[in-house]
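File shown: target_24.cif (mmCIF, C-alpha atoms).
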data_model
#
loop_
_atom_site.label_atom_id
_atom_site.label_comp_id
_atom_site.auth_asym_id
_atom_site.auth_seq_id
_atom_site.Cartn_x
_atom_site.Cartn_y
_atom_site.Cartn_z
CA MET V 4 23.03 32.18 29.45
CA ARG V 5 20.69 33.92 27.05
CA ARG V 6 23.24 33.67 24.27
CA SER V 7 23.69 29.93 24.88
CA LEU V 8 19.93 29.33 24.80
CA ALA V 9 19.59 31.20 21.51
CA LEU V 10 22.39 29.10 20.00
CA VAL V 11 20.73 25.87 21.17
CA LEU V 12 17.40 26.94 19.63
CA VAL V 13 19.01 27.79 16.29
CA VAL V 14 20.92 24.48 16.13
CA ALA V 15 17.84 22.43 17.10
CA GLY V 16 15.69 24.29 14.58
CA ALA V 17 18.17 23.72 11.77
CA PHE V 18 18.36 20.01 12.66
CA LEU V 19 14.57 19.55 12.65
CA THR V 20 14.18 21.52 9.42
CA THR V 21 16.68 19.20 7.76
CA LEU V 22 15.06 16.11 9.32
CA ALA V 23 11.57 16.84 7.93
CA PRO V 24 12.31 15.97 4.26
CA LEU V 25 14.29 12.92 5.39
CA ILE V 26 11.21 11.60 7.22
CA ARG V 27 9.03 12.18 4.17
CA PHE V 28 11.27 10.81 1.43
CA TYR V 29 13.53 8.30 3.18
CA VAL V 30 12.01 7.07 6.43
CA SER V 31 8.58 6.80 4.80
CA ASP V 32 9.92 4.50 2.08
CA GLN V 33 11.52 2.28 4.72
CA VAL V 34 8.36 2.05 6.83
CA VAL V 35 5.52 1.98 4.28
CA LYS V 36 5.71 -1.57 2.96
CA ALA V 37 3.84 -4.86 3.26
CA PRO V 38 4.72 -7.06 6.25
CA LEU V 39 6.61 -10.33 5.90
CA ASN V 40 4.65 -12.24 8.53
CA ARG V 41 1.09 -11.49 7.45
CA TYR V 42 -1.71 -13.62 8.88
CA GLU V 43 -5.27 -13.03 7.77
CA ARG V 44 -8.43 -15.08 7.70
CA VAL V 45 -11.45 -13.93 5.70
CA ARG V 46 -14.80 -15.59 5.06
CA LEU V 47 -17.01 -15.10 2.04
CA GLU V 48 -20.53 -16.47 1.78
CA ALA V 49 -22.82 -17.12 -1.17
CA PRO V 50 -26.50 -17.64 -0.24
CA ASN V 51 -28.85 -19.11 -2.84
CA ALA V 52 -26.06 -20.73 -4.81
CA SER V 53 -26.58 -23.53 -7.32
CA LEU V 54 -24.42 -26.63 -7.24
CA PHE V 55 -24.50 -29.78 -9.34
CA ASP V 56 -24.07 -32.92 -7.29
CA MET V 57 -22.04 -35.36 -9.36
CA ALA V 58 -22.98 -38.22 -7.03
CA THR V 59 -26.72 -37.88 -7.59
CA LEU V 60 -26.43 -36.14 -11.00
CA LYS V 61 -28.87 -33.48 -9.80
CA LEU V 62 -28.67 -29.70 -9.56
CA LYS V 63 -29.08 -28.42 -6.00
CA THR V 64 -30.42 -24.89 -5.55
CA GLY V 65 -30.68 -22.63 -2.50
CA VAL V 66 -27.31 -23.80 -1.22
CA THR V 67 -25.21 -21.52 1.00
CA LEU V 68 -21.53 -21.83 0.18
CA VAL V 69 -18.77 -20.63 2.51
CA ALA V 70 -15.28 -19.78 1.25
CA ASP V 71 -12.83 -19.72 4.16
CA SER V 72 -9.63 -18.05 2.96
CA THR V 73 -6.40 -17.90 4.97
CA ILE V 74 -3.21 -16.00 4.15
CA ARG V 75 0.08 -16.75 5.88
CA GLY V 76 3.39 -15.01 5.31
CA ASP V 77 6.44 -17.22 4.95
CA VAL V 78 9.24 -15.06 6.36
CA LYS V 79 12.07 -17.40 5.27
CA ALA V 80 10.93 -18.13 1.74
CA ASN V 81 12.47 -14.96 0.25
CA GLY V 82 16.00 -16.28 0.83
CA GLY V 83 17.01 -13.24 2.84
CA ASN V 84 15.80 -10.67 0.30
CA ASP V 85 13.96 -8.26 2.58
CA ARG V 86 12.39 -6.44 -0.37
CA ILE V 87 10.21 -9.46 -1.24
CA ALA V 88 7.26 -10.82 0.73
CA VAL V 89 6.01 -14.37 0.18
CA TRP V 90 2.43 -15.16 1.17
CA ASP V 91 0.65 -18.51 0.99
CA SER V 92 -3.10 -18.57 0.48
CA SER V 93 -5.54 -21.45 0.87
CA THR V 94 -9.31 -21.36 0.37
CA THR V 95 -11.71 -24.08 1.40
CA ILE V 96 -15.23 -23.94 -0.06
CA THR V 97 -17.87 -25.88 1.87
CA ASP V 98 -21.61 -26.40 1.97
CA LYS V 99 -22.69 -24.45 5.06
CA ALA V 100 -25.63 -26.76 5.80
CA THR V 101 -23.78 -30.05 5.57
CA GLY V 102 -20.17 -29.00 6.15
CA LYS V 103 -19.16 -30.98 3.07
CA ARG V 104 -16.08 -29.68 1.32
CA ILE V 105 -16.77 -28.67 -2.27
CA ASP V 106 -13.39 -27.39 -3.38
CA LEU V 107 -9.89 -26.55 -2.14
CA GLN V 108 -7.73 -23.88 -3.73
CA ALA V 109 -4.16 -23.00 -2.82
CA TYR V 110 -1.43 -20.80 -4.22
CA ARG V 111 1.76 -18.96 -3.26
CA MET V 112 2.55 -15.41 -4.38
CA ALA V 113 5.70 -13.32 -4.03
CA PHE V 114 5.68 -9.57 -4.50
CA ASP V 115 7.66 -6.40 -3.96
CA ARG V 116 6.89 -5.11 -0.47
CA ARG V 117 6.96 -1.44 -1.53
CA THR V 118 5.08 -1.60 -4.84
CA GLY V 119 2.91 -4.71 -4.50
CA LEU V 120 3.96 -5.98 -7.94
CA LEU V 121 4.29 -9.74 -8.31
CA VAL V 122 7.67 -11.38 -8.82
CA ASN V 123 8.41 -14.90 -10.00
CA CYS V 124 10.62 -16.44 -7.35
CA CYS V 125 10.57 -18.22 -4.05
CA GLY V 126 8.51 -21.21 -5.19
CA VAL V 127 5.41 -19.37 -6.40
CA ASN V 128 2.75 -21.77 -7.58
CA VAL V 129 -0.96 -22.31 -8.17
CA GLY V 130 -2.26 -25.63 -6.93
CA GLY V 131 1.31 -26.94 -6.81
CA ASP V 132 2.09 -25.96 -10.41
CA VAL V 133 5.44 -24.15 -10.19
CA ASN V 134 5.55 -23.45 -13.94
CA VAL V 135 3.09 -20.57 -13.68
CA ARG V 136 4.28 -17.02 -14.41
CA MET V 137 2.59 -14.22 -12.48
CA PHE V 138 2.52 -10.60 -13.59
CA GLY V 139 0.87 -7.42 -12.35
CA TYR V 140 -0.75 -7.39 -8.92
CA GLY V 141 -2.22 -10.29 -7.00
CA LEU V 142 -2.97 -9.89 -3.30
CA LEU V 143 -2.67 -6.15 -2.80
CA PHE V 144 -3.05 -3.00 -4.84
CA PRO V 145 -0.15 -0.50 -5.01
CA ILE V 146 1.00 0.06 -1.43
CA ALA V 147 -0.48 3.38 -0.27
CA LYS V 148 -0.63 4.66 -3.88
CA VAL V 149 -4.02 3.62 -5.27
CA HIS V 150 -5.31 5.88 -8.03
CA LYS V 151 -8.50 6.04 -10.06
CA ARG V 152 -7.16 3.94 -12.92
CA ASP V 153 -7.06 0.36 -14.15
CA TYR V 154 -4.55 -2.17 -12.81
CA PRO V 155 -3.39 -5.55 -14.19
CA PHE V 156 -4.38 -8.32 -11.76
CA TYR V 157 -3.45 -11.98 -11.80
CA ASP V 158 -6.35 -14.43 -11.64
CA THR V 159 -5.36 -17.75 -10.08
CA THR V 160 -8.26 -19.75 -11.56
CA THR V 161 -7.54 -18.95 -15.20
CA ARG V 162 -3.82 -18.22 -14.53
CA ARG V 163 -4.00 -15.08 -16.60
CA THR V 164 -3.39 -11.39 -15.91
CA LEU V 165 -6.54 -9.39 -16.60
CA PRO V 166 -7.41 -5.71 -16.05
CA MET V 167 -8.99 -4.65 -12.77
CA ARG V 168 -10.97 -1.60 -13.88
CA PHE V 169 -11.79 1.38 -11.69
CA SER V 170 -15.57 1.81 -11.54
CA GLY V 171 -16.17 4.55 -8.96
CA GLU V 172 -16.13 5.41 -5.27
CA GLU V 173 -18.32 3.78 -2.64
CA GLU V 174 -18.61 3.81 1.14
CA VAL V 175 -18.07 0.52 2.95
CA GLY V 176 -18.85 0.68 6.66
CA GLY V 177 -18.38 4.45 6.66
CA MET V 178 -15.03 4.23 4.85
CA LYS V 179 -14.50 5.76 1.41
CA THR V 180 -13.24 3.09 -0.96
CA TYR V 181 -12.39 2.73 -4.63
CA ARG V 182 -14.39 0.03 -6.41
CA PHE V 183 -12.58 -2.08 -9.02
CA ILE V 184 -14.14 -4.72 -11.27
CA GLN V 185 -12.37 -7.52 -13.09
CA GLU V 186 -14.28 -9.48 -15.73
CA VAL V 187 -12.94 -12.97 -16.36
CA PRO V 188 -14.25 -14.14 -19.75
CA LEU V 189 -15.36 -17.69 -20.41
CA VAL V 190 -12.24 -19.83 -20.56
CA LYS V 191 -11.46 -23.53 -20.46
CA VAL V 192 -9.65 -24.40 -17.26
CA GLU V 193 -9.58 -28.20 -17.43
CA SER V 194 -9.79 -30.96 -20.02
CA MET V 195 -11.83 -33.71 -18.41
CA ASN V 196 -11.67 -37.41 -19.17
CA MET V 197 -15.40 -38.01 -18.93
CA LYS V 198 -18.58 -38.07 -20.96
CA LEU V 199 -22.10 -36.95 -20.09
CA ASN V 200 -25.44 -37.90 -21.56
CA GLY V 201 -26.84 -35.53 -24.11
CA ASP V 202 -30.01 -34.77 -22.09
CA MET V 203 -27.87 -33.55 -19.17
CA LEU V 204 -26.15 -31.13 -21.52
CA GLY V 205 -29.36 -29.74 -22.98
CA LEU V 206 -29.10 -31.82 -26.15
CA ALA V 207 -31.57 -34.30 -27.61
CA LYS V 208 -32.33 -37.23 -25.32
CA ASP V 209 -31.31 -39.73 -27.96
CA SER V 210 -27.88 -38.12 -28.53
CA TYR V 211 -24.77 -40.04 -27.66
CA PRO V 212 -22.74 -39.29 -24.49
CA GLN V 213 -20.46 -36.36 -25.21
CA PRO V 214 -16.93 -35.62 -23.90
CA VAL V 215 -16.86 -32.41 -21.92
CA ASP V 216 -14.37 -29.87 -20.57
CA ARG V 217 -14.66 -27.58 -17.57
CA TYR V 218 -15.09 -23.85 -18.18
CA PHE V 219 -14.98 -20.90 -15.85
CA GLU V 220 -16.13 -17.28 -15.94
CA ALA V 221 -16.41 -14.68 -13.20
CA VAL V 222 -16.85 -11.05 -12.24
CA ASN V 223 -14.55 -10.09 -9.38
CA THR V 224 -15.18 -6.85 -7.50
CA GLN V 225 -12.91 -5.37 -4.85
CA TRP V 226 -13.49 -2.37 -2.62
CA VAL V 227 -10.08 -0.92 -1.76
CA ASP V 228 -8.94 1.60 0.82
CA PRO V 229 -6.97 4.04 -1.38
CA ARG V 230 -4.84 5.12 1.59
CA THR V 231 -3.29 1.67 1.99
CA GLY V 232 -4.13 -0.50 -1.03
CA VAL V 233 -5.86 -3.08 1.19
CA PRO V 234 -9.14 -4.62 -0.08
CA VAL V 235 -11.75 -4.34 2.69
CA LYS V 236 -14.52 -6.13 0.78
CA GLN V 237 -14.63 -8.64 -2.07
CA GLU V 238 -17.32 -10.12 -4.26
CA GLN V 239 -16.83 -13.04 -6.62
CA LYS V 240 -19.62 -13.93 -9.02
CA ILE V 241 -18.48 -17.25 -10.41
CA THR V 242 -19.95 -19.68 -12.90
CA GLN V 243 -18.49 -23.09 -13.71
CA SER V 244 -19.85 -25.25 -16.46
CA LEU V 245 -19.17 -28.44 -18.37
CA ARG V 246 -19.30 -27.95 -22.13
CA THR V 247 -19.01 -30.16 -25.17
CA ARG V 248 -16.08 -29.72 -27.55
CA ASP V 249 -18.35 -28.16 -30.19
CA GLY V 250 -19.88 -25.78 -27.65
CA LEU V 251 -23.46 -26.88 -28.31
CA GLY V 252 -24.06 -28.66 -25.03
CA ARG V 253 -23.45 -27.34 -21.53
CA LEU V 254 -24.22 -28.05 -17.91
CA ILE V 255 -23.90 -25.45 -15.13
CA VAL V 256 -22.18 -27.14 -12.21
CA ALA V 257 -21.68 -24.09 -9.97
CA ASP V 258 -23.26 -20.66 -9.82
CA ALA V 259 -22.47 -18.55 -6.78
CA ASP V 260 -22.10 -14.95 -5.61
CA LEU V 261 -19.50 -14.94 -2.83
CA VAL V 262 -19.27 -11.78 -0.67
CA THR V 263 -17.09 -10.97 2.34
CA VAL V 264 -19.16 -11.37 5.50
CA PRO V 265 -19.92 -8.08 7.34
CA GLU V 266 -17.90 -9.04 10.41
CA ASP V 267 -14.73 -9.50 8.36
CA GLN V 268 -15.42 -6.32 6.42
CA ARG V 269 -15.33 -4.36 9.67
CA HIS V 270 -12.18 -6.17 10.78
CA LEU V 271 -10.37 -5.44 7.51
CA ALA V 272 -11.49 -1.81 7.58
CA ALA V 273 -10.13 -1.40 11.12
CA LEU V 274 -6.77 -2.91 10.15
CA SER V 275 -6.56 -0.71 7.08
CA SER V 276 -7.39 2.42 9.08
CA GLU V 277 -4.66 1.57 11.57
CA SER V 278 -2.14 1.20 8.75
CA ALA V 279 -3.38 4.43 7.15
CA GLN V 280 -2.63 6.35 10.36
CA GLY V 281 0.94 5.08 10.39
CA ILE V 282 1.35 6.01 6.71
CA ALA V 283 -0.09 9.49 7.34
CA TRP V 284 2.33 10.11 10.21
CA THR V 285 5.37 9.21 8.10
CA ARG V 286 4.21 10.99 4.94
CA VAL V 287 2.22 14.00 6.16
CA TYR V 288 1.82 14.67 9.88
CA GLY V 289 5.35 13.78 10.97
CA PRO V 290 7.21 15.81 8.30
CA VAL V 291 4.87 18.81 8.60
CA LEU V 292 5.04 18.84 12.40
CA THR V 293 8.84 18.45 12.39
CA LEU V 294 9.20 21.25 9.85
CA ALA V 295 6.86 23.55 11.81
CA VAL V 296 8.70 22.97 15.10
CA GLY V 297 12.06 23.43 13.38
CA LEU V 298 11.04 26.72 11.80
CA GLY V 299 9.60 27.86 15.13
CA LEU V 300 12.85 27.12 16.96
CA LEU V 301 14.87 28.87 14.27
CA ALA V 302 12.66 31.93 14.52
CA SER V 303 12.85 31.96 18.33
CA GLY V 304 16.64 31.60 18.39
CA THR V 305 17.13 34.30 15.76
CA THR V 306 14.78 36.67 17.58
CA MET V 307 16.60 36.18 20.88
CA THR V 308 19.93 36.91 19.18
CA LEU V 309 18.64 40.13 17.61
CA LEU V 310 17.09 41.33 20.88
CA ARG V 311 20.33 40.65 22.74
CA ARG V 312 22.25 42.80 20.29
CA ARG V 313 19.71 45.61 20.64
CA ASP V 314 19.99 45.56 24.45
CA LEU V 315 23.79 45.94 24.49
CA PRO V 316 25.07 49.41 25.69
CA PRO V 317 26.55 51.66 22.97
CA PRO V 318 30.35 51.62 22.68
CA PRO V 319 32.07 54.37 24.72
CA THR V 320 32.99 57.57 22.88
CA THR V 321 36.73 58.18 22.82
CA PRO V 322 37.46 61.73 23.89
CA ARG V 323 39.30 64.02 21.51
CA GLY V 324 42.45 65.47 23.01
CA PRO V 325 43.56 69.14 22.91
CA ASP V 326 45.60 68.32 19.84
CA GLY V 327 42.49 67.20 18.02
CA ARG V 328 43.48 63.56 18.08
CA PHE V 329 41.45 60.63 19.53
CA GLY V 330 42.67 58.57 22.40
CA GLY V 331 44.77 59.85 25.29
CA VAL V 332 45.69 63.30 26.65
CA ALA V 333 47.54 65.70 24.41
CA THR V 334 51.16 66.42 25.43
CA GLY V 335 52.12 68.87 22.70
CA PRO V 336 51.00 72.43 22.04
CA ALA V 337 47.48 73.19 21.15
CA PRO V 338 46.53 73.19 17.50
CA GLY V 339 47.51 76.45 15.74
CA THR V 340 50.26 77.30 18.28
CA ARG V 341 53.67 77.95 16.73
CA ARG V 342 56.22 75.70 18.27
CA ARG V 343 59.10 77.72 19.85
CA VAL V 344 62.52 76.48 18.94
CA HIS V 345 65.20 76.91 21.66
CA PRO V 346 68.81 77.43 20.60
CA ALA V 347 71.13 74.64 21.16
CA ALA V 348 73.46 74.79 24.13
CA GLY V 349 76.81 76.40 23.35
CA SER V 350 75.46 78.52 20.54
CA GLY V 351 77.23 81.82 19.95
CA ARG V 352 73.91 83.63 19.49
CA ALA V 353 73.01 85.80 22.47
#

Have the structure of the file written as structure tokens, please.
Amino acid sequence: MRRSLALVLVVAGAFLTTLAPLIRFYVSDQVVKAPLNRYERVRLEAPNASLFDMATLKLKTGVTLVADSTIRGDVKANGGNDRIAVWDSSTTITDKATGKRIDLQAYRMAFDRRTGLLVNCCGVNVGGDVNVRMFGYGLLFPIAKVHKRDYPFYDTTTRRTLPMRFSGEEEVGGMKTYRFIQEVPLVKVESMNMKLNGDMLGLAKDSYPQPVDRYFEAVNTQWVDPRTGVPVKQEQKITQSLRTRDGLGRLIVADADLVTVPEDQRHLAALSSESAQGIAWTRVYGPVLTLAVGLGLLASGTTMTLLRRRDLPPPPTTPRGPDGRFGGVATGPAPGTRRRVHPAAGSGRA
């Protein structure tokens, strides 16, 4: 019974010792990836924003804008390629006081579920434009591999990939995060078929109406949980303006500082912490615990085997016979005795 138990312990220990690296390097890669069916709703608010009302041709100040952003995963859009996740995002910006919709933004992104890198497939688009090409990262940072470095991030407003620069560590709701900042330089985003009076553009009152284009610039900041790559807080300082073709006249039509509301910050932090625990179990706790138990079982089984051998009685000593040989009773004369030879029958010797 004791021998059987020792054998079971040795076999189980060897199995667990072999299983530990498989959990770390194979199972972890299969488990740690973005979900296909993501659903997330996040609100950002911008108090004291400025907004130009095109109906009254007046600049409104002290406005509170609300950006209600929703992400939905489309599980069938990847055409059966399980390595790719496809998420649709829509953002509605409204005036909190009046409920009037100011803007609507929508886009679809596809990305590698293990790395987070964008891929151009599955009907990706920005505002319905399927001719866009997305590169770098878009919705998430590297999955569970965020480092203190810069990352290329796709900006849907300018439709360009710009660096998201690491700018330090900061606590958000008691969670240590990495802060990244992306500066979107002034860029024309729309050619408009309209003209504005010179006085509205800061030009002389007697100047002729000037054709204008819409420009955009922003500073985007994200606070990311480095354990998961999930942003738990966002800030978007955006400025939109109408400018003349020569750049001399301009009119600010939107100036806002949108920040994730505290309630949603806590919600995102809780979700990220839950994901971080699962990642830790597959990458650290699970492999280490499995290896420790396996080594313990191996040691126990080996020790029991050695103790069993020590407890066995010594082999019996084979007696030495009178003839000096081992094994059995001697039948011949004792050693050193001269054997007497008898004459053969019928011999003539008396």

Can you build me a table of range 194-240 of chain V residues sitting at most 12 Å from range 111-122 of chain V, with the closest atom pair per residue and its distance in Å to one decimal, using all atoms listed in the file, sorted by chain and residue number, as JSON lines?
{"residue": "V:Thr231", "atom": "CA", "partner": "V:Gly119", "partner_atom": "CA", "distance": 11.0}
{"residue": "V:Gly232", "atom": "CA", "partner": "V:Gly119", "partner_atom": "CA", "distance": 8.9}
{"residue": "V:Val233", "atom": "CA", "partner": "V:Gly119", "partner_atom": "CA", "distance": 10.6}

Residues matched by the PyMOL selection byres ((chain V and resi 162-176) around 8) as a PyMOL selection string: chain V and resi 135+137-139+151-161+177-187+226+235-236+268-269+272

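If you look at CA of Leu206 in chain V and CA of Asp260 in chain V, they are 27.5 Å away from each other.
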
Long-range neighbours of Tyr110 in chain V as a list in words, 9 Å cut-off, only C-alpha atoms, 6 positions minimum in chain: Trp90, Asp91, Ser92, Ser93, Val127, Asn128, Val129, Gly130, Gly131, Asp132 and Thr159 of chain V

Keeping only C-alpha atoms, write the selected residues as a compact mmCIF listing (two decimals), keeping the file's coordinate frame.
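Wrote selection.txt, looks like this:
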# COMPACT_ATOMS: atom_id res chain seq x y z
CA TRP V 90 2.43 -15.16 1.17
CA ASP V 91 0.65 -18.51 0.99
CA SER V 92 -3.10 -18.57 0.48
CA SER V 93 -5.54 -21.45 0.87
CA VAL V 127 5.41 -19.37 -6.40
CA ASN V 128 2.75 -21.77 -7.58
CA VAL V 129 -0.96 -22.31 -8.17
CA GLY V 130 -2.26 -25.63 -6.93
CA GLY V 131 1.31 -26.94 -6.81
CA ASP V 132 2.09 -25.96 -10.41
CA THR V 159 -5.36 -17.75 -10.08

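Closest approach to Asp216 in chain V from the set V:Pro229, V:Pro234, V:Gly250, V:Pro38 is made by V:Gly250, with distances taken over all atoms listed in the file.
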
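This file, filtered with the PyMOL selection byres ((chain V and resi 258) around 8), gives the residues V:Ala52, V:Ser53, V:Leu54, V:Lys240, V:Ile241, V:Thr242, V:Gln243, V:Ile255, V:Val256, V:Ala257, V:Ala259, V:Asp260.
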
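The spacing separating CA of Val66 in chain V from CA of Met195 in chain V amounts to 25.2 Å.
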
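The residues returned by the PyMOL selection byres ((chain V and resi 104) around 12) for this structure are Leu68, Val69, Ala70, Asp71, Thr94, Thr95, Ile96, Thr97, Asp98, Lys99, Ala100, Thr101, Gly102, Lys103, Ile105, Asp106, Leu107 and Gln108 of chain V.
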
Around all the atoms of range 249-261 of chain V listed in the file, with 5 Å of room on each side, what axis-aligned box do you get, giving centre and edge lengths in Å to one decimal, as lines of an AutoDock Vina configuration file?
center_x = -21.3
center_y = -21.8
center_z = -16.5
size_x = 15.9
size_y = 23.7
size_z = 37.4

Residues within 6 Å of Leu245 in chain V, only C-alpha atoms, excluding chain neighbours under 4 positions, as a PyMOL selection string: chain V and resi 215-217+253-254

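What separates CA of Arg41 in chain V from CA of Val227 in chain V is a distance of 17.9 Å.
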
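Considering all atoms listed in the file, the residue among V:Gly141, V:Gly126, V:Gly299, V:Gly252 positioned nearest to Ser210 in chain V is V:Gly252.
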
Enumerate, as a tab-separated table (two decimals) with C-alpha atoms, in the frame of the given file, the protein, DNA and RNA residues whose atoms approach (-29.3, -38.3, -24.8) to within 8 Å, taking into account all atoms listed in the file and the coordinate frame of the file.
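Final output, out.tsv:
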chain	number	residue	atom	x	y	z
V	200	ASN	CA	-25.44	-37.90	-21.56
V	201	GLY	CA	-26.84	-35.53	-24.11
V	202	ASP	CA	-30.01	-34.77	-22.09
V	203	MET	CA	-27.87	-33.55	-19.17
V	206	LEU	CA	-29.10	-31.82	-26.15
V	207	ALA	CA	-31.57	-34.30	-27.61
V	208	LYS	CA	-32.33	-37.23	-25.32
V	209	ASP	CA	-31.31	-39.73	-27.96
V	210	SER	CA	-27.88	-38.12	-28.53
V	211	TYR	CA	-24.77	-40.04	-27.66
V	212	PRO	CA	-22.74	-39.29	-24.49

Test item: residues at most 7 Å from Arg230 in chain V, only C-alpha atoms, excluding those fewer than 4 positions along its chain, as a ChimeraX atom specification: /V:147-148,279

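Excluding Thr263 in chain V itself and same-chain residues fewer than 2 positions from it, the residues having an atom within 7 Å of it are V:Arg46, V:Leu47, V:Glu48, V:Lys236, V:Gln237, V:Glu238, V:Leu261, V:Pro265, V:Asp267, V:Gln268, counting all atoms listed in the file.
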
Residues as selected, C-alpha atoms, written as a PDB file, in the frame of the given file, can you do that?
ATOM      1  CA  ARG V  46     -14.800 -15.590   5.060  1.00  0.00           C
ATOM      2  CA  LEU V  47     -17.010 -15.100   2.040  1.00  0.00           C
ATOM      3  CA  GLU V  48     -20.530 -16.470   1.780  1.00  0.00           C
ATOM      4  CA  LYS V 236     -14.520  -6.130   0.780  1.00  0.00           C
ATOM      5  CA  GLN V 237     -14.630  -8.640  -2.070  1.00  0.00           C
ATOM      6  CA  GLU V 238     -17.320 -10.120  -4.260  1.00  0.00           C
ATOM      7  CA  LEU V 261     -19.500 -14.940  -2.830  1.00  0.00           C
ATOM      8  CA  PRO V 265     -19.920  -8.080   7.340  1.00  0.00           C
ATOM      9  CA  ASP V 267     -14.730  -9.500   8.360  1.00  0.00           C
ATOM     10  CA  GLN V 268     -15.420  -6.320   6.420  1.00  0.00           C
TER      11      GLN V 268
END
